[in-house]
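Structure file start_33.tsv (TSV, C-alpha atoms) is printed below.
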chain	number	residue	atom	x	y	z
A	1	MET	CA	1.76	-3.99	-11.62
A	2	ASN	CA	0.84	-7.26	-9.97
A	3	GLU	CA	-2.86	-7.19	-9.07
A	4	LEU	CA	-3.32	-3.42	-9.13
A	5	GLY	CA	-5.02	-3.53	-12.50
A	6	LEU	CA	-4.20	0.16	-12.94
A	7	ASP	CA	-1.01	1.68	-14.31
A	8	PRO	CA	0.42	3.86	-11.52
A	9	ASN	CA	2.31	5.86	-14.14
A	10	GLN	CA	-0.98	7.20	-15.54
A	11	VAL	CA	-2.03	8.33	-12.08
A	12	LEU	CA	1.36	9.92	-11.45
A	13	GLU	CA	1.43	11.72	-14.80
A	14	TRP	CA	-1.96	13.27	-14.00
A	15	ALA	CA	-0.99	14.13	-10.42
A	16	TRP	CA	2.21	15.82	-11.59
A	17	THR	CA	0.10	18.43	-13.40
A	18	GLN	CA	-1.53	19.50	-10.12
A	19	GLN	CA	0.02	22.57	-8.47
A	20	GLU	CA	-0.98	21.41	-4.99
A	21	LEU	CA	1.09	18.26	-5.36
A	22	LEU	CA	4.06	20.14	-6.80
A	23	GLN	CA	4.08	22.51	-3.83
A	24	THR	CA	4.02	19.57	-1.42
A	25	VAL	CA	6.86	17.92	-3.35
A	26	ARG	CA	8.92	21.10	-3.05
A	27	GLU	CA	8.35	21.19	0.72
A	28	ALA	CA	8.93	17.47	1.25
A	29	TYR	CA	12.20	17.46	-0.67
A	30	ARG	CA	13.22	20.76	0.94
A	31	VAL	CA	14.34	22.44	-2.26
A	32	GLU	CA	14.69	26.13	-3.03
A	33	PRO	CA	11.80	28.01	-4.70
A	34	ASP	CA	13.76	28.36	-7.96
A	35	THR	CA	14.65	24.64	-8.18
A	36	ASP	CA	13.36	22.86	-11.28
A	37	LEU	CA	11.01	20.21	-9.89
A	38	GLY	CA	11.48	18.19	-13.06
A	39	THR	CA	14.73	16.95	-11.52
A	40	LEU	CA	12.69	15.28	-8.74
A	41	ARG	CA	9.98	13.81	-10.94
A	42	GLU	CA	11.47	10.42	-11.75
A	43	GLY	CA	12.71	9.94	-8.18
A	44	LEU	CA	9.21	10.55	-6.85
A	45	PHE	CA	7.64	8.27	-9.45
A	46	SER	CA	10.14	5.53	-8.54
A	47	THR	CA	9.33	6.00	-4.87
A	48	VAL	CA	5.61	5.54	-5.52
A	49	ARG	CA	6.14	2.50	-7.75
A	50	LEU	CA	8.41	0.83	-5.19
A	51	TRP	CA	5.96	1.63	-2.38
A	52	LEU	CA	3.10	0.07	-4.35
A	53	SER	CA	5.22	-3.02	-5.04
A	54	GLY	CA	5.57	-3.68	-1.30
A	55	ALA	CA	9.22	-2.65	-1.03
A	56	THR	CA	10.51	-1.73	2.43
A	57	PHE	CA	11.65	1.78	3.31
A	58	LEU	CA	15.26	0.60	3.16
A	59	GLN	CA	14.72	-0.86	-0.30
A	60	ILE	CA	12.98	2.29	-1.52
A	61	ALA	CA	15.76	4.49	-0.12
A	62	ALA	CA	18.39	2.36	-1.85
A	63	GLY	CA	16.39	2.32	-5.08
A	64	THR	CA	15.96	6.09	-5.20
A	65	GLY	CA	19.28	7.24	-3.76
A	66	ARG	CA	17.66	8.97	-0.79
A	67	SER	CA	18.27	8.53	2.91
A	68	VAL	CA	15.60	6.80	4.96
A	69	ASP	CA	14.99	10.07	6.84
A	70	GLU	CA	14.37	11.93	3.56
A	71	LEU	CA	12.15	9.11	2.34
A	72	LEU	CA	10.01	9.14	5.49
A	73	GLY	CA	9.31	12.84	4.95
A	74	VAL	CA	8.34	12.28	1.31
A	75	HIS	CA	6.20	9.31	2.31
A	76	SER	CA	4.24	11.15	5.01
A	77	GLN	CA	3.81	14.44	3.15
A	78	VAL	CA	3.48	13.34	-0.47
A	79	LEU	CA	2.47	9.68	-0.80
A	80	THR	CA	0.06	9.12	2.05
A	81	PHE	CA	-1.24	12.67	2.34
A	82	ALA	CA	-1.17	14.94	-0.72
A	83	LEU	CA	-1.15	12.28	-3.44
A	84	LEU	CA	-3.56	9.97	-1.64
A	85	THR	CA	-6.02	12.78	-0.92
A	86	MET	CA	-5.86	13.95	-4.53
A	87	VAL	CA	-6.40	10.45	-5.91
A	88	GLU	CA	-9.32	9.77	-3.54
A	89	GLN	CA	-11.05	13.01	-4.53
A	90	ALA	CA	-10.50	12.43	-8.25
A	91	ILE	CA	-11.86	8.89	-8.08
A	92	ALA	CA	-14.91	10.06	-6.08
A	93	VAL	CA	-15.69	12.65	-8.78
A	94	LEU	CA	-15.12	10.14	-11.57
A	95	GLU	CA	-17.41	7.64	-9.85
A	96	LYS	CA	-20.23	10.22	-9.62
A	97	VAL	CA	-19.81	11.16	-13.29
A	98	LEU	CA	-19.99	7.53	-14.36
A	99	GLU	CA	-23.01	6.87	-12.12
A	100	SER	CA	-24.83	9.77	-13.78
A	101	GLN	CA	-24.21	8.02	-17.10
A	102	GLY	CA	-25.43	4.67	-15.78
A	103	ARG	CA	-21.93	3.26	-15.78
A	104	GLU	CA	-19.79	1.76	-13.02
A	105	LEU	CA	-16.21	2.46	-12.00
A	106	CYS	CA	-14.03	-0.63	-12.35
A	107	ALA	CA	-12.88	-2.26	-9.12
A	108	ALA	CA	-9.18	-1.73	-9.91
A	109	VAL	CA	-9.64	2.05	-10.00
A	110	ARG	CA	-12.00	2.11	-7.01
A	111	HIS	CA	-9.53	0.21	-4.82
A	112	PHE	CA	-6.38	1.96	-6.00
A	113	PRO	CA	-6.33	4.42	-3.04
A	114	GLU	CA	-6.14	1.46	-0.63
A	115	HIS	CA	-3.09	0.11	-2.42
A	116	LEU	CA	-1.53	3.57	-2.21
A	117	ARG	CA	-2.45	4.02	1.46
A	118	PHE	CA	-1.03	0.70	2.61
A	119	GLY	CA	1.79	0.25	0.10
A	120	VAL	CA	0.71	-3.23	-0.90
A	121	PRO	CA	0.46	-4.74	-4.40
A	122	SER	CA	-2.15	-7.43	-3.74
A	123	THR	CA	-5.88	-7.18	-3.10
A	124	VAL	CA	-5.56	-9.78	-0.34
A	125	GLY	CA	-2.88	-7.63	1.29
A	126	CYS	CA	-5.26	-4.67	1.21
A	127	THR	CA	-7.97	-6.76	2.85
A	128	LEU	CA	-5.58	-7.80	5.62
A	129	ALA	CA	-4.30	-4.25	6.16
A	130	ALA	CA	-7.77	-2.72	6.25
A	131	GLY	CA	-9.00	-5.54	8.49
A	132	GLY	CA	-6.51	-5.04	11.28
A	133	ILE	CA	-3.12	-6.59	10.51
A	134	THR	CA	-0.66	-4.24	12.20
A	135	HIS	CA	2.61	-4.77	10.37
A	136	ARG	CA	3.08	-3.91	6.72
A	137	ARG	CA	5.63	-6.67	6.23
A	138	ALA	CA	3.01	-9.19	7.32
A	139	PHE	CA	0.15	-8.07	5.07
A	140	VAL	CA	2.49	-7.65	2.10
A	141	GLU	CA	4.03	-11.12	2.48
A	142	ILE	CA	0.78	-12.94	3.30
A	143	GLY	CA	-0.87	-11.13	0.40
A	144	ARG	CA	1.83	-12.46	-1.91
A	145	PHE	CA	1.17	-15.99	-0.67
A	146	LEU	CA	-2.63	-15.94	-0.69
A	147	THR	CA	-3.16	-15.29	-4.39
A	148	PRO	CA	-6.57	-14.86	-6.07
A	149	ALA	CA	-6.27	-18.50	-7.12
A	150	ILE	CA	-6.36	-19.48	-3.43
A	151	VAL	CA	-8.75	-16.99	-1.87
A	152	ARG	CA	-11.30	-14.33	-2.83
A	153	ALA	CA	-9.92	-11.00	-1.66
A	154	ASP	CA	-13.41	-9.61	-1.04
A	155	ASP	CA	-14.22	-12.44	1.39
A	156	ARG	CA	-12.66	-10.96	4.53
A	157	ALA	CA	-13.54	-13.92	6.75
A	158	GLN	CA	-11.97	-16.40	4.35
A	159	VAL	CA	-8.85	-14.27	3.89
A	160	PHE	CA	-8.22	-14.06	7.64
A	161	ASP	CA	-9.07	-17.71	8.22
A	162	LEU	CA	-6.72	-18.98	5.50
A	163	ALA	CA	-3.98	-16.58	6.60
A	164	GLN	CA	-4.18	-17.90	10.15
A	165	GLN	CA	-4.23	-21.50	8.93
A	166	SER	CA	-1.12	-20.89	6.84
A	167	LEU	CA	0.82	-19.25	9.68
A	168	GLU	CA	-0.15	-22.07	12.03
A	169	ALA	CA	0.65	-24.86	9.56
A	170	HIS	CA	3.96	-23.33	8.41
A	171	HIS	CA	4.95	-21.82	11.72
A	172	ASP	CA	8.75	-21.95	11.31
A	173	GLN	CA	8.79	-20.69	7.72
A	174	TRP	CA	6.57	-17.71	8.51
A	175	ARG	CA	8.51	-16.89	11.69
A	176	THR	CA	11.72	-16.80	9.64
A	177	ARG	CA	10.10	-14.78	6.86
A	178	LEU	CA	8.45	-12.19	9.11
A	179	GLY	CA	10.70	-12.17	12.15
A	180	THR	CA	9.62	-13.30	15.60
A	181	LEU	CA	7.99	-10.08	16.81
A	182	VAL	CA	6.03	-9.44	13.60
A	183	PHE	CA	5.01	-13.11	13.45
A	184	ARG	CA	3.66	-13.09	17.01
A	185	ARG	CA	1.80	-9.81	16.58
A	186	THR	CA	0.31	-11.01	13.30
A	187	MET	CA	-0.95	-14.21	14.92
A	188	GLN	CA	-2.60	-12.08	17.60
A	189	ASP	CA	-4.16	-9.82	14.97
A	190	LEU	CA	-5.49	-12.80	13.01
A	191	SER	CA	-6.86	-14.47	16.14
A	192	PHE	CA	-8.65	-11.29	17.15
A	193	VAL	CA	-10.52	-11.27	13.83
A	194	THR	CA	-11.17	-15.00	13.47
A	195	GLY	CA	-11.94	-15.60	17.15
A	196	ARG	CA	-9.67	-18.67	17.06
A	197	ARG	CA	-6.82	-18.65	19.54
A	198	SER	CA	-3.34	-19.72	18.57
A	199	GLY	CA	-0.35	-20.96	20.50
A	200	GLU	CA	1.39	-17.63	19.97
A	201	GLU	CA	-0.98	-15.70	22.23
Take the structure in this file and express it as structure tokens.
Amino acid sequence: MNELGLDPNQVLEWAWTQQELLQTVREAYRVEPDTDLGTLREGLFSTVRLWLSGATFLQIAAGTGRSVDELLGVHSQVLTFALLTMVEQAIAVLEKVLESQGRELCAAVRHFPEHLRFGVPSTVGCTLAAGGITHRRAFVEIGRFLTPAIVRADDRAQVFDLAQQSLEAHHDQWRTRLGTLVFRRTMQDLSFVTGRRSGEE
């Protein structure tokens, strides 16, 4: 899936075997105790895949046949709490096991929780989100533009500098793409990190 380097389906298949997650799913979807959770499995998996692809809440709701209100509950309880916590703990344990064997966890696995937390498919998008970009639409879209061929995702200073340069150089296109309010706030966020003021402040 784009730059994730890790198949989300493998993570989801493992997580679905965990009783803690299943209980949270039952609560988030507000189903009766005797409801077969298997009927919710593919909908949840689709929700996670769409979230990781950078889809908006409206797009995810349309893609899974749920209302935005229902989706927000699933997002807050399942995706960015129960599932994220479970994945972080599992990866921490796996990392310790590999270290004891003199081996190293691959970067794709190590950074997967960030992709899940922010709902962004690109490593650059994760860098922007973790570094202070406020709006998800902004770090998703800029992350799609600043590909690994253009910038090293692990070079935070370069990522923010090139992002600001792009928004300044292609002012009208980015304003249209992001919307005026998100564009202005993103310019402020970028300027705060780079220390270079822009005309939008």
Practice item. Work out how far apart atom CA of A:Ile142 and atom CA of A:Ser53 are and give it in Å to one decimal. Key: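 Answer for the atom CA of A:Ile142 to atom CA of A:Ser53 separation: 13.7 Å.
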Practice item. Excluding A:Leu190 and any residue of its chain fewer than 2 positions from it, enumerate the residues within 9 Å of it, using all atoms listed in the file, and give them as a list in words. Key: Leu128, Gly132, Ile133, Phe160, Asp161, Ala163, Gln164, Arg185, Thr186, Met187, Gln188, Phe192, Val193, Thr194, Gly195, Arg196 and Arg197 of chain A
Review point. Which residues come within 8 Å of stretch 26-33 of chain A, counting only C-alpha atoms, excluding same-chain residues fewer than 6 positions away, as an MDAnalysis selection string?
Key: chainID A and resid 70 73:74 77:78
Exercise for review: Could you tell me how far atom CA of A:Phe183 lies from atom CA of A:Asp155, in Å and to one decimal?
Suggested key: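 Going from atom CA of A:Phe183 over to atom CA of A:Asp155 covers 22.7 Å.
When all atoms listed in the file are used to compute distances to A:Gln89, the closest of the residues A:Ala62, A:Leu37, A:Thr17, A:Arg110 turns out to be A:Arg110.
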